[in-house]
>>> print(open('protein-v6.cif').read())   # mmCIF, C-alpha atoms
data_work
#
loop_
_atom_site.label_atom_id
_atom_site.label_comp_id
_atom_site.auth_asym_id
_atom_site.auth_seq_id
_atom_site.Cartn_x
_atom_site.Cartn_y
_atom_site.Cartn_z
CA MET A 12 -161.78 146.45 109.40
CA THR A 13 -162.12 144.68 112.70
CA GLY A 14 -164.22 141.65 113.52
CA LYS A 15 -165.28 138.95 111.12
CA PHE A 16 -167.71 138.99 108.23
CA PRO A 17 -170.49 136.39 108.25
CA ASP A 18 -170.29 133.55 105.71
CA THR A 19 -173.10 135.00 103.60
CA VAL A 20 -171.23 138.29 103.16
CA ILE A 21 -168.00 136.48 102.23
CA ASN A 22 -169.91 134.45 99.66
CA ARG A 23 -171.46 137.54 98.10
CA LEU A 24 -168.12 139.38 98.06
CA THR A 25 -166.57 136.55 96.02
CA LEU A 26 -169.46 136.78 93.56
CA TYR A 27 -168.92 140.55 93.27
CA HIS A 28 -165.27 139.71 92.63
CA CYS A 29 -166.26 137.36 89.76
CA ILE A 30 -168.31 140.13 88.20
CA LEU A 31 -165.45 142.63 88.56
CA ILE A 32 -163.07 140.27 86.76
CA ASP A 33 -165.57 140.17 83.89
CA TYR A 34 -165.80 143.97 83.81
CA ILE A 35 -162.01 144.28 83.74
CA LYS A 36 -161.82 141.82 80.82
CA ASN A 37 -164.30 144.04 78.98
CA ASN A 38 -162.32 147.20 79.78
CA LEU A 39 -165.08 148.75 81.84
CA GLU A 40 -163.90 151.24 84.46
CA ASN A 41 -166.88 151.66 86.75
CA ILE A 42 -169.69 149.54 88.10
CA THR A 43 -172.86 150.50 89.95
CA SER A 44 -174.31 148.60 92.88
CA SER A 45 -177.51 148.12 90.88
CA ALA A 46 -175.60 146.44 88.02
CA ILE A 47 -174.15 143.94 90.54
CA ALA A 48 -177.52 143.50 92.24
CA SER A 49 -179.28 142.82 88.96
CA LEU A 50 -176.80 140.10 87.92
CA LEU A 51 -177.08 138.38 91.27
CA ARG A 52 -180.81 138.99 91.65
CA ILE A 53 -180.39 140.52 95.06
CA ASP A 54 -181.29 143.92 96.49
CA ASP A 55 -179.29 146.95 95.51
CA SER A 56 -179.28 148.01 99.17
CA GLN A 57 -177.67 144.66 100.11
CA VAL A 58 -174.82 145.24 97.67
CA ARG A 59 -174.24 148.78 98.96
CA LYS A 60 -174.30 147.57 102.55
CA ASP A 61 -171.75 144.80 101.87
CA ILE A 62 -169.43 147.17 100.03
CA SER A 63 -169.73 149.79 102.77
CA LEU A 64 -168.01 147.28 105.08
CA LEU A 65 -164.87 147.38 102.93
CA LYS A 66 -162.10 149.97 102.88
CA ASN A 67 -160.95 152.03 99.87
CA THR A 68 -163.72 151.02 97.54
CA GLY A 69 -163.24 153.91 95.07
CA LYS A 70 -166.83 155.12 95.17
CA SER A 71 -167.59 158.00 92.81
CA ARG A 72 -170.54 159.66 91.16
CA VAL A 73 -170.60 157.03 88.40
CA GLY A 74 -170.33 154.01 90.69
CA TYR A 75 -167.37 152.10 92.06
CA ASN A 76 -164.00 152.00 90.34
CA VAL A 77 -163.71 148.40 89.23
CA LEU A 78 -160.00 147.96 89.99
CA GLU A 79 -160.19 149.58 93.41
CA LEU A 80 -163.24 147.61 94.44
CA LYS A 81 -161.58 144.37 93.29
CA GLN A 82 -158.43 145.14 95.27
CA SER A 83 -160.44 146.06 98.30
CA ILE A 84 -162.28 142.72 98.24
CA GLU A 85 -159.00 140.85 97.77
CA LYS A 86 -157.42 142.64 100.69
CA THR A 87 -160.41 141.99 102.92
CA LEU A 88 -160.58 138.30 102.07
CA GLY A 89 -156.83 137.78 102.33
CA PHE A 90 -156.06 136.70 98.74
CA GLU A 91 -152.58 138.13 99.13
CA ARG A 92 -151.60 135.40 101.60
CA PRO A 93 -151.61 132.27 99.42
CA LYS A 94 -152.60 128.99 101.05
CA ASN A 95 -150.80 125.82 99.97
CA ALA A 96 -152.81 122.61 99.81
CA PHE A 97 -152.69 119.00 98.69
CA ILE A 98 -155.54 117.38 96.78
CA VAL A 99 -156.12 113.88 98.16
CA GLY A 100 -157.85 111.67 95.59
CA ALA A 101 -156.98 112.11 91.89
CA GLY A 102 -160.36 110.98 90.53
CA ASN A 103 -162.58 113.17 88.37
CA LEU A 104 -163.39 115.58 91.16
CA GLY A 105 -159.76 115.92 92.30
CA MET A 106 -158.69 116.48 88.70
CA ALA A 107 -161.48 119.00 88.16
CA LEU A 108 -160.35 120.97 91.20
CA ALA A 109 -156.68 120.77 90.14
CA ASN A 110 -157.81 122.18 86.78
CA TYR A 111 -160.12 124.81 88.24
CA ASN A 112 -158.77 127.85 86.51
CA ASN A 113 -159.19 130.41 89.21
CA PHE A 114 -158.08 128.74 92.43
CA GLN A 115 -154.70 130.40 92.11
CA ASP A 116 -156.30 133.81 91.54
CA TYR A 117 -158.03 133.41 94.88
CA GLY A 118 -154.90 132.55 96.80
CA LEU A 119 -155.28 128.78 96.81
CA ASN A 120 -152.17 127.03 95.57
CA VAL A 121 -152.55 123.31 94.88
CA VAL A 122 -149.04 121.91 95.35
CA ALA A 123 -149.61 118.25 94.48
CA LEU A 124 -152.16 115.45 94.27
CA PHE A 125 -152.18 112.04 95.97
CA ASP A 126 -153.79 108.74 95.08
CA ASN A 127 -153.31 105.02 95.67
CA ASP A 128 -153.92 104.04 92.01
CA LYS A 129 -150.64 102.93 90.43
CA ASN A 130 -151.94 104.00 87.00
CA LYS A 131 -152.28 107.58 88.21
CA ILE A 132 -149.17 107.88 90.40
CA GLY A 133 -146.39 109.69 88.52
CA ASN A 134 -148.76 111.48 86.13
CA LYS A 135 -149.03 115.25 86.08
CA ILE A 136 -151.96 117.61 85.78
CA LYS A 137 -151.28 121.30 85.13
CA GLU A 138 -147.66 120.69 86.17
CA LYS A 139 -148.79 119.25 89.48
CA GLN A 140 -147.46 115.77 90.24
CA ILE A 141 -149.69 112.90 91.40
CA TYR A 142 -147.87 111.10 94.21
CA ASP A 143 -148.40 107.81 96.02
CA ILE A 144 -150.61 108.54 99.04
CA GLU A 145 -147.95 106.87 101.22
CA LYS A 146 -145.62 109.78 100.46
CA LEU A 147 -148.04 112.31 101.93
CA PRO A 148 -146.75 112.49 105.53
CA GLU A 149 -143.17 112.99 104.36
CA LEU A 150 -144.09 115.64 101.74
CA ALA A 151 -146.46 117.47 104.08
CA LYS A 152 -143.63 117.82 106.57
CA LYS A 153 -140.99 118.75 103.98
CA LEU A 154 -143.19 121.34 102.23
CA ASN A 155 -144.95 122.50 105.39
CA ILE A 156 -148.45 121.79 104.00
CA GLU A 157 -151.28 121.94 106.52
CA MET A 158 -154.34 121.91 104.22
CA ALA A 159 -155.85 118.99 102.33
CA ILE A 160 -158.72 118.95 99.85
CA LEU A 161 -160.35 115.56 100.29
CA THR A 162 -161.87 114.11 97.11
CA VAL A 163 -161.72 110.35 97.70
CA PRO A 164 -164.81 108.11 97.38
CA MET A 165 -167.18 108.17 100.33
CA ALA A 166 -166.28 104.65 101.49
CA ALA A 167 -162.61 105.62 101.92
CA ALA A 168 -163.13 109.12 103.30
CA GLN A 169 -162.99 108.43 107.05
CA ASP A 170 -159.88 106.21 106.81
CA ILE A 171 -158.07 108.75 104.68
CA ALA A 172 -159.15 111.57 106.98
CA ASN A 173 -157.65 109.66 109.93
CA PHE A 174 -154.45 109.27 107.91
CA LEU A 175 -154.40 113.03 107.18
CA VAL A 176 -154.81 113.84 110.86
CA LYS A 177 -151.87 111.54 111.69
CA SER A 178 -149.89 113.33 108.97
CA ASN A 179 -150.35 116.63 110.83
CA ILE A 180 -152.82 118.12 108.35
CA LYS A 181 -154.67 120.86 110.25
CA TYR A 182 -157.34 121.94 107.74
CA ILE A 183 -159.52 119.61 105.67
CA TRP A 184 -161.84 120.78 102.88
CA ASN A 185 -164.05 117.71 102.59
CA PHE A 186 -165.78 117.05 99.26
CA SER A 187 -166.80 113.47 100.04
CA PRO A 188 -170.51 113.27 100.80
CA THR A 189 -170.08 112.11 104.37
CA VAL A 190 -169.61 113.79 107.72
CA LEU A 191 -166.17 112.91 109.09
CA ALA A 192 -165.32 112.26 112.71
CA ILE A 193 -162.20 114.38 113.23
CA PRO A 194 -160.42 115.55 116.39
CA LYS A 195 -161.38 119.07 117.44
CA GLU A 196 -157.92 120.52 116.76
CA VAL A 197 -158.32 119.90 113.03
CA GLU A 198 -160.65 122.28 111.17
CA VAL A 199 -163.08 120.73 108.67
CA TRP A 200 -165.17 122.43 106.01
CA ASN A 201 -167.82 120.12 104.58
CA GLU A 202 -168.47 120.95 100.94
CA ASN A 203 -172.01 119.71 100.97
CA LEU A 204 -172.88 119.61 97.24
CA MET A 205 -176.12 117.71 97.77
CA GLY A 206 -177.09 120.20 100.45
CA ASN A 207 -176.48 123.00 97.98
CA PHE A 208 -178.55 121.25 95.35
CA LEU A 209 -181.36 120.67 97.80
CA GLN A 210 -181.41 124.33 98.76
CA PHE A 211 -181.85 125.07 95.06
CA SER A 212 -184.49 122.42 94.41
CA TYR A 213 -186.33 123.29 97.61
CA LYS A 214 -186.35 126.96 96.66
CA ILE A 215 -187.72 126.32 93.18
CA GLY A 216 -190.20 123.81 94.58
CA LYS A 217 -189.65 121.42 91.67
CA MET B 4 -195.23 122.18 107.84
CA THR B 5 -196.09 125.42 106.10
CA GLY B 6 -193.75 128.13 104.89
CA LYS B 7 -190.17 127.70 103.75
CA PHE B 8 -187.02 126.79 105.63
CA PRO B 9 -184.03 129.12 105.28
CA ASP B 10 -181.01 127.89 103.26
CA THR B 11 -178.90 127.35 106.37
CA VAL B 12 -181.49 124.99 107.87
CA ILE B 13 -181.79 123.04 104.59
CA ASN B 14 -178.02 122.70 104.50
CA ARG B 15 -177.86 121.40 108.07
CA LEU B 16 -180.75 118.97 107.47
CA THR B 17 -178.83 117.40 104.57
CA LEU B 18 -175.79 116.99 106.81
CA TYR B 19 -177.96 115.33 109.47
CA HIS B 20 -179.20 113.07 106.67
CA CYS B 21 -175.60 112.10 105.79
CA ILE B 22 -174.97 111.17 109.41
CA LEU B 23 -178.20 109.12 109.58
CA ILE B 24 -177.16 107.13 106.48
CA ASP B 25 -173.92 106.30 108.28
CA TYR B 26 -175.80 105.21 111.41
CA ILE B 27 -178.09 102.97 109.35
CA LYS B 28 -175.09 101.36 107.68
CA ASN B 29 -173.75 100.59 111.13
CA ASN B 30 -177.08 99.16 112.30
CA LEU B 31 -177.60 101.82 114.95
CA GLU B 32 -181.24 102.44 115.87
CA ASN B 33 -181.17 105.74 117.72
CA ILE B 34 -179.24 108.98 117.61
CA THR B 35 -179.08 111.87 120.06
CA SER B 36 -179.03 115.53 119.11
CA SER B 37 -175.71 115.87 120.93
CA ALA B 38 -174.13 113.11 118.79
CA ILE B 39 -175.14 115.03 115.65
CA ALA B 40 -174.02 118.33 117.15
CA SER B 41 -170.64 116.95 118.09
CA LEU B 42 -169.93 115.58 114.57
CA LEU B 43 -170.90 118.90 112.97
CA ARG B 44 -169.31 121.05 115.70
CA ILE B 45 -172.48 123.02 116.22
CA ASP B 46 -174.70 123.58 119.25
CA ASP B 47 -176.89 120.79 120.52
CA SER B 48 -179.72 123.34 120.87
CA GLN B 49 -179.40 124.20 117.17
CA VAL B 50 -179.85 120.56 116.20
CA ARG B 51 -182.88 120.18 118.45
CA LYS B 52 -184.39 123.39 117.08
CA ASP B 53 -183.93 122.28 113.45
CA ILE B 54 -185.43 118.86 114.11
CA SER B 55 -188.36 120.36 115.99
CA LEU B 56 -189.40 122.00 112.71
CA LEU B 57 -189.93 118.56 111.14
CA LYS B 58 -192.88 116.21 111.51
CA ASN B 59 -192.82 112.60 112.78
CA THR B 60 -189.25 112.61 113.96
CA GLY B 61 -189.58 109.56 116.21
CA LYS B 62 -188.24 111.21 119.36
CA SER B 63 -187.94 108.91 122.35
CA ARG B 64 -186.14 108.73 125.67
CA VAL B 65 -182.97 107.44 123.98
CA GLY B 66 -182.90 109.98 121.17
CA TYR B 67 -184.39 110.01 117.70
CA ASN B 68 -185.22 106.86 115.79
CA VAL B 69 -182.73 106.93 112.93
CA LEU B 70 -185.08 105.63 110.22
CA GLU B 71 -187.96 107.90 111.17
CA LEU B 72 -185.78 110.98 111.36
CA LYS B 73 -184.25 110.16 107.98
CA GLN B 74 -187.68 109.73 106.39
CA SER B 75 -188.91 112.91 107.97
CA ILE B 76 -186.00 114.90 106.49
CA GLU B 77 -186.57 113.30 103.09
CA LYS B 78 -190.23 114.16 103.14
CA THR B 79 -189.55 117.73 104.20
CA LEU B 80 -186.92 118.29 101.52
CA GLY B 81 -188.93 116.60 98.81
CA PHE B 82 -186.56 113.72 97.91
CA GLU B 83 -189.56 111.68 96.84
CA ARG B 84 -190.16 113.89 93.80
CA PRO B 85 -187.10 113.14 91.64
CA LYS B 86 -185.76 115.94 89.45
CA ASN B 87 -184.39 115.09 86.04
CA ALA B 88 -181.40 117.05 84.79
CA PHE B 89 -178.81 117.22 82.03
CA ILE B 90 -175.13 117.78 82.74
CA VAL B 91 -173.74 120.24 80.20
CA GLY B 92 -169.97 119.86 79.85
CA ALA B 93 -168.42 116.38 80.11
CA GLY B 94 -165.04 117.50 81.47
CA ASN B 95 -163.64 116.35 84.79
CA LEU B 96 -166.21 118.23 86.83
CA GLY B 97 -169.17 117.04 84.74
CA MET B 98 -167.88 113.48 84.96
CA ALA B 99 -167.32 113.81 88.71
CA LEU B 100 -170.91 114.96 89.19
CA ALA B 101 -172.24 112.20 86.91
CA ASN B 102 -170.31 109.76 89.12
CA TYR B 103 -171.32 111.38 92.40
CA ASN B 104 -172.67 108.38 94.17
CA ASN B 105 -175.49 109.91 96.09
CA PHE B 106 -177.21 112.32 93.67
CA GLN B 107 -179.84 109.70 92.97
CA ASP B 108 -180.44 109.10 96.68
CA TYR B 109 -181.29 112.77 96.99
CA GLY B 110 -183.80 112.82 94.18
CA LEU B 111 -181.52 114.19 91.48
CA ASN B 112 -181.57 112.04 88.37
CA VAL B 113 -178.89 112.85 85.78
CA VAL B 114 -180.43 111.73 82.48
CA ALA B 115 -177.59 112.47 80.06
CA LEU B 116 -174.45 114.56 79.48
CA PHE B 117 -173.63 116.94 76.61
CA ASP B 118 -170.37 118.13 75.14
CA ASN B 119 -168.97 119.48 71.87
CA ASP B 120 -165.87 117.25 71.92
CA LYS B 121 -166.16 114.55 69.24
CA ASN B 122 -163.88 112.27 71.30
CA LYS B 123 -166.38 112.30 74.14
CA ILE B 124 -169.67 112.22 72.22
CA GLY B 125 -171.10 108.69 72.16
CA ASN B 126 -169.26 107.55 75.29
CA LYS B 127 -171.12 106.52 78.39
CA ILE B 128 -170.55 107.17 82.07
CA LYS B 129 -172.54 105.16 84.62
CA GLU B 130 -174.92 104.18 81.80
CA LYS B 131 -175.52 107.83 80.96
CA GLN B 132 -174.86 108.76 77.34
CA ILE B 133 -172.73 111.75 76.33
CA TYR B 134 -174.51 113.51 73.45
CA ASP B 135 -173.54 116.21 70.99
CA ILE B 136 -174.51 119.57 72.54
CA GLU B 137 -176.46 120.31 69.34
CA LYS B 138 -178.89 117.55 70.27
CA LEU B 139 -179.81 119.25 73.57
CA PRO B 140 -182.86 121.30 72.47
CA GLU B 141 -184.46 118.27 70.81
CA LEU B 142 -183.76 115.92 73.76
CA ALA B 143 -184.84 118.48 76.35
CA LYS B 144 -188.18 118.77 74.59
CA LYS B 145 -188.60 115.03 74.02
CA LEU B 146 -187.68 114.05 77.61
CA ASN B 147 -189.26 117.13 79.20
CA ILE B 148 -186.03 118.18 80.95
CA GLU B 149 -186.02 121.64 82.51
CA MET B 150 -182.85 121.53 84.63
CA ALA B 151 -179.22 121.78 83.51
CA ILE B 152 -176.04 121.43 85.54
CA LEU B 153 -173.54 123.70 83.83
CA THR B 154 -169.92 122.49 84.04
CA VAL B 155 -168.32 124.01 80.93
CA PRO B 156 -165.14 126.13 81.12
CA MET B 157 -165.64 129.72 82.24
CA ALA B 158 -164.94 131.21 78.80
CA ALA B 159 -167.82 129.24 77.25
CA ALA B 160 -170.28 129.53 80.14
CA GLN B 161 -172.29 132.59 79.04
CA ASP B 162 -172.72 131.38 75.44
CA ILE B 163 -173.83 127.94 76.57
CA ALA B 164 -176.15 129.49 79.16
CA ASN B 165 -177.79 131.54 76.38
CA PHE B 166 -178.16 128.34 74.37
CA LEU B 167 -179.79 126.59 77.37
CA VAL B 168 -182.27 129.44 77.79
CA LYS B 169 -183.19 129.19 74.10
CA SER B 170 -183.63 125.44 74.62
CA ASN B 171 -186.31 126.12 77.26
CA ILE B 172 -184.19 125.09 80.22
CA LYS B 173 -185.79 126.75 83.27
CA TYR B 174 -183.31 125.91 86.05
CA ILE B 175 -179.53 126.21 85.82
CA TRP B 176 -177.13 124.95 88.49
CA ASN B 177 -174.02 126.85 87.50
CA PHE B 178 -170.60 125.41 88.45
CA SER B 179 -168.56 127.66 86.17
CA PRO B 180 -166.78 130.34 88.20
CA THR B 181 -168.58 133.25 86.60
CA VAL B 182 -171.82 135.11 87.20
CA LEU B 183 -174.15 134.56 84.24
CA ALA B 184 -176.52 137.12 82.77
CA ILE B 185 -179.77 135.17 82.44
CA PRO B 186 -183.36 136.30 81.88
CA LYS B 187 -185.38 136.57 85.08
CA GLU B 188 -187.74 133.72 84.18
CA VAL B 189 -184.88 131.22 84.39
CA GLU B 190 -183.71 130.31 87.91
CA VAL B 191 -179.94 130.15 88.50
CA TRP B 192 -178.04 128.71 91.43
CA ASN B 193 -174.38 129.73 91.43
CA GLU B 194 -172.23 126.98 92.93
CA ASN B 195 -169.54 129.32 94.12
CA LEU B 196 -166.71 126.92 95.05
CA MET B 197 -164.16 129.69 95.49
CA GLY B 198 -166.62 131.55 97.69
CA ASN B 199 -166.96 128.42 99.80
CA PHE B 200 -163.21 128.03 100.03
CA LEU B 201 -162.80 131.67 101.00
CA GLN B 202 -165.36 131.33 103.76
CA PHE B 203 -163.24 128.46 105.07
CA SER B 204 -159.89 130.18 104.69
CA TYR B 205 -161.27 133.44 106.11
CA LYS B 206 -162.69 131.59 109.11
CA ILE B 207 -159.43 129.82 109.88
CA GLY B 208 -157.49 133.02 109.29
CA LYS B 209 -154.72 131.18 107.43
#
>>> encode(input="protein-v6.cif", output="structure tokens")
Amino acid sequence: MTGKFPDTVINRLTLYHCILIDYIKNNLENITSSAIASLLRIDDSQVRKDISLLKNTGKSRVGYNVLELKQSIEKTLGFERPKNAFIVGAGNLGMALANYNNFQDYGLNVVALFDNDKNKIGNKIKEKQIYDIEKLPELAKKLNIEMAILTVPMAAAQDIANFLVKSNIKYIWNFSPTVLAIPKEVEVWNENLMGNFLQFSYKIGK
Amino acid sequence: MTGKFPDTVINRLTLYHCILIDYIKNNLENITSSAIASLLRIDDSQVRKDISLLKNTGKSRVGYNVLELKQSIEKTLGFERPKNAFIVGAGNLGMALANYNNFQDYGLNVVALFDNDKNKIGNKIKEKQIYDIEKLPELAKKLNIEMAILTVPMAAAQDIANFLVKSNIKYIWNFSPTVLAIPKEVEVWNENLMGNFLQFSYKIGK
């Protein structure tokens, strides 16, 4: 595989991966493109086209081998190179993400959480410690962490983002509903939940 | 405006909207397409193209009028027709979404939450009551609610989704990391957080 897949393909591949995990749990060996297509309400031809971009997909007369297709997706998307990250903001959203049961399966390793609330600092969630936000620069350096998942309230987001940049964080996954001004050398991914909702509500016309 | 915008345009319009809210807070009257483009790290021409699809955007020599552009986006995306929804699952993620400070601004009105945990039932979050999940069919009918935001753990997601379908819920925004088997007459939007993360991590090649 050379070149890069578009975002839409990556997104579909992760959904195929979800379905494959379900099949494996149910001890099913093979899956057809039409079974995947039907669950996701997309075209069969789209599924076959996406999968044709992968290597070693275990295609046979009865469909794809579930384990081989799963491995092929994982290899393509780089699950085998885990990414370490801090969660910044131990509110409900930060806690939900720390709890999210399949981050680790997808190669995302949450190392610790940070907050400025003295009632939260020192607590643990899923064996991950919540630290004082002031400790972040030191721990980022010591543990060589370059990625932060930003889940602080909107009003604090820009200040904290500036602090992350100063702390040599290079990749920010921003869950706060605001667009951050960040120097070009730091990569930002805006997790635009309202935008996602509006795509849905616009589509259904309700 | 006739026809439908693609998902990617809708998503960008909501990000422009975020930026406009920030400008209004800072008492700025006008915004240029290049200011928006620079914050979002996209092409100026893309921003101008998206905005040209809208009506009454208040374009002038010094850029777009912030208030008019904001209103135009809201009108296009249908913010003025609020959608009522239940949150199903009052764990960290459900609570985070109930707390999410700008859902209401975007025309999404969370009416109540549901859970099966007796320690949570009866509590309130942001003046929204947490009810026993068994009460959902009755309340959905009484309040005419057709949309559910599904935030239960993955293992329970399919069972609860079946229950929602039986309760005449017509639109499901699914946050559980699994692909649900749902009858065709019910619309599902899979909020694929891992897929989003993998797009990010794939893009940055880390």
>>> residues_around(input="protein-v6.cif", residues="Glu141 of chain B", least_positions_apart="5", cutoff="10 Å", atoms="all atoms listed in the file", output="list of chain:residue names")
B:Leu146, B:Asn147, B:Ser170
>>> residues_near_point(input="protein-v6.cif", point="(-186.4, 129.3, 86.6)", cutoff="10 Å", atoms="all atoms listed in the file", output="VMD selection string")
(chain A and resid 215 217) or (chain B and resid 149 to 150 168 171 to 175 185 to 192)
>>> write_last_selection(input="protein-v6.cif", atoms="C-alpha atoms", output="PDB file, in the coordinates of the input")
ATOM      1  CA  ILE A 215    -187.720 126.320  93.180  1.00  0.00           C
ATOM      2  CA  LYS A 217    -189.650 121.420  91.670  1.00  0.00           C
TER       3      LYS A 217
ATOM      4  CA  GLU B 149    -186.020 121.640  82.510  1.00  0.00           C
ATOM      5  CA  MET B 150    -182.850 121.530  84.630  1.00  0.00           C
ATOM      6  CA  VAL B 168    -182.270 129.440  77.790  1.00  0.00           C
ATOM      7  CA  ASN B 171    -186.310 126.120  77.260  1.00  0.00           C
ATOM      8  CA  ILE B 172    -184.190 125.090  80.220  1.00  0.00           C
ATOM      9  CA  LYS B 173    -185.790 126.750  83.270  1.00  0.00           C
ATOM     10  CA  TYR B 174    -183.310 125.910  86.050  1.00  0.00           C
ATOM     11  CA  ILE B 175    -179.530 126.210  85.820  1.00  0.00           C
ATOM     12  CA  ILE B 185    -179.770 135.170  82.440  1.00  0.00           C
ATOM     13  CA  PRO B 186    -183.360 136.300  81.880  1.00  0.00           C
ATOM     14  CA  LYS B 187    -185.380 136.570  85.080  1.00  0.00           C
ATOM     15  CA  GLU B 188    -187.740 133.720  84.180  1.00  0.00           C
ATOM     16  CA  VAL B 189    -184.880 131.220  84.390  1.00  0.00           C
ATOM     17  CA  GLU B 190    -183.710 130.310  87.910  1.00  0.00           C
ATOM     18  CA  VAL B 191    -179.940 130.150  88.500  1.00  0.00           C
ATOM     19  CA  TRP B 192    -178.040 128.710  91.430  1.00  0.00           C
TER      20      TRP B 192
END
>>> residues_around(input="protein-v6.cif", residues="segment 136-147 of chain A", least_positions_apart="2", cutoff="7 Å", atoms="only C-alpha atoms", output="list of chain:residue names")
A:Asn110, A:Val122, A:Ala123, A:Leu124, A:Phe125, A:Asp126, A:Asn127, A:Lys131, A:Ile132, A:Gly133, A:Asn134, A:Glu149, A:Leu150, A:Ala151
>>> write_last_selection(input="protein-v6.cif", atoms="C-alpha atoms", output="PDB file, in the coordinates of the input")
ATOM      1  CA  ASN A 110    -157.810 122.180  86.780  1.00  0.00           C
ATOM      2  CA  VAL A 122    -149.040 121.910  95.350  1.00  0.00           C
ATOM      3  CA  ALA A 123    -149.610 118.250  94.480  1.00  0.00           C
ATOM      4  CA  LEU A 124    -152.160 115.450  94.270  1.00  0.00           C
ATOM      5  CA  PHE A 125    -152.180 112.040  95.970  1.00  0.00           C
ATOM      6  CA  ASP A 126    -153.790 108.740  95.080  1.00  0.00           C
ATOM      7  CA  ASN A 127    -153.310 105.020  95.670  1.00  0.00           C
ATOM      8  CA  LYS A 131    -152.280 107.580  88.210  1.00  0.00           C
ATOM      9  CA  ILE A 132    -149.170 107.880  90.400  1.00  0.00           C
ATOM     10  CA  GLY A 133    -146.390 109.690  88.520  1.00  0.00           C
ATOM     11  CA  ASN A 134    -148.760 111.480  86.130  1.00  0.00           C
ATOM     12  CA  GLU A 149    -143.170 112.990 104.360  1.00  0.00           C
ATOM     13  CA  LEU A 150    -144.090 115.640 101.740  1.00  0.00           C
ATOM     14  CA  ALA A 151    -146.460 117.470 104.080  1.00  0.00           C
TER      15      ALA A 151
END
>>> closest_residue(input="protein-v6.cif", among="B:Ile148, B:Leu153, B:Met98, B:Val50", to="chain A", atoms="only C-alpha atoms")
B:Met98
>>> residues_around(input="protein-v6.cif", residues="segment 63-68 of chain B", least_positions_apart="5", cutoff="6 Å", atoms="all atoms listed in the file", output="NGL selection string")
:B and (32-35)
>>> resolve_selection(input="protein-v6.cif", expression="the PyMOL selection byres ((chain A and resi 95) around 6)", output="JSON, numbers by chain")
{"A": [94, 96, 120, 121]}
>>> closest_residue(input="protein-v6.cif", among="B:Val69, B:Val91, B:Ala99, B:Val12", to="Asn29 of chain B", atoms="all atoms listed in the file")
B:Val69
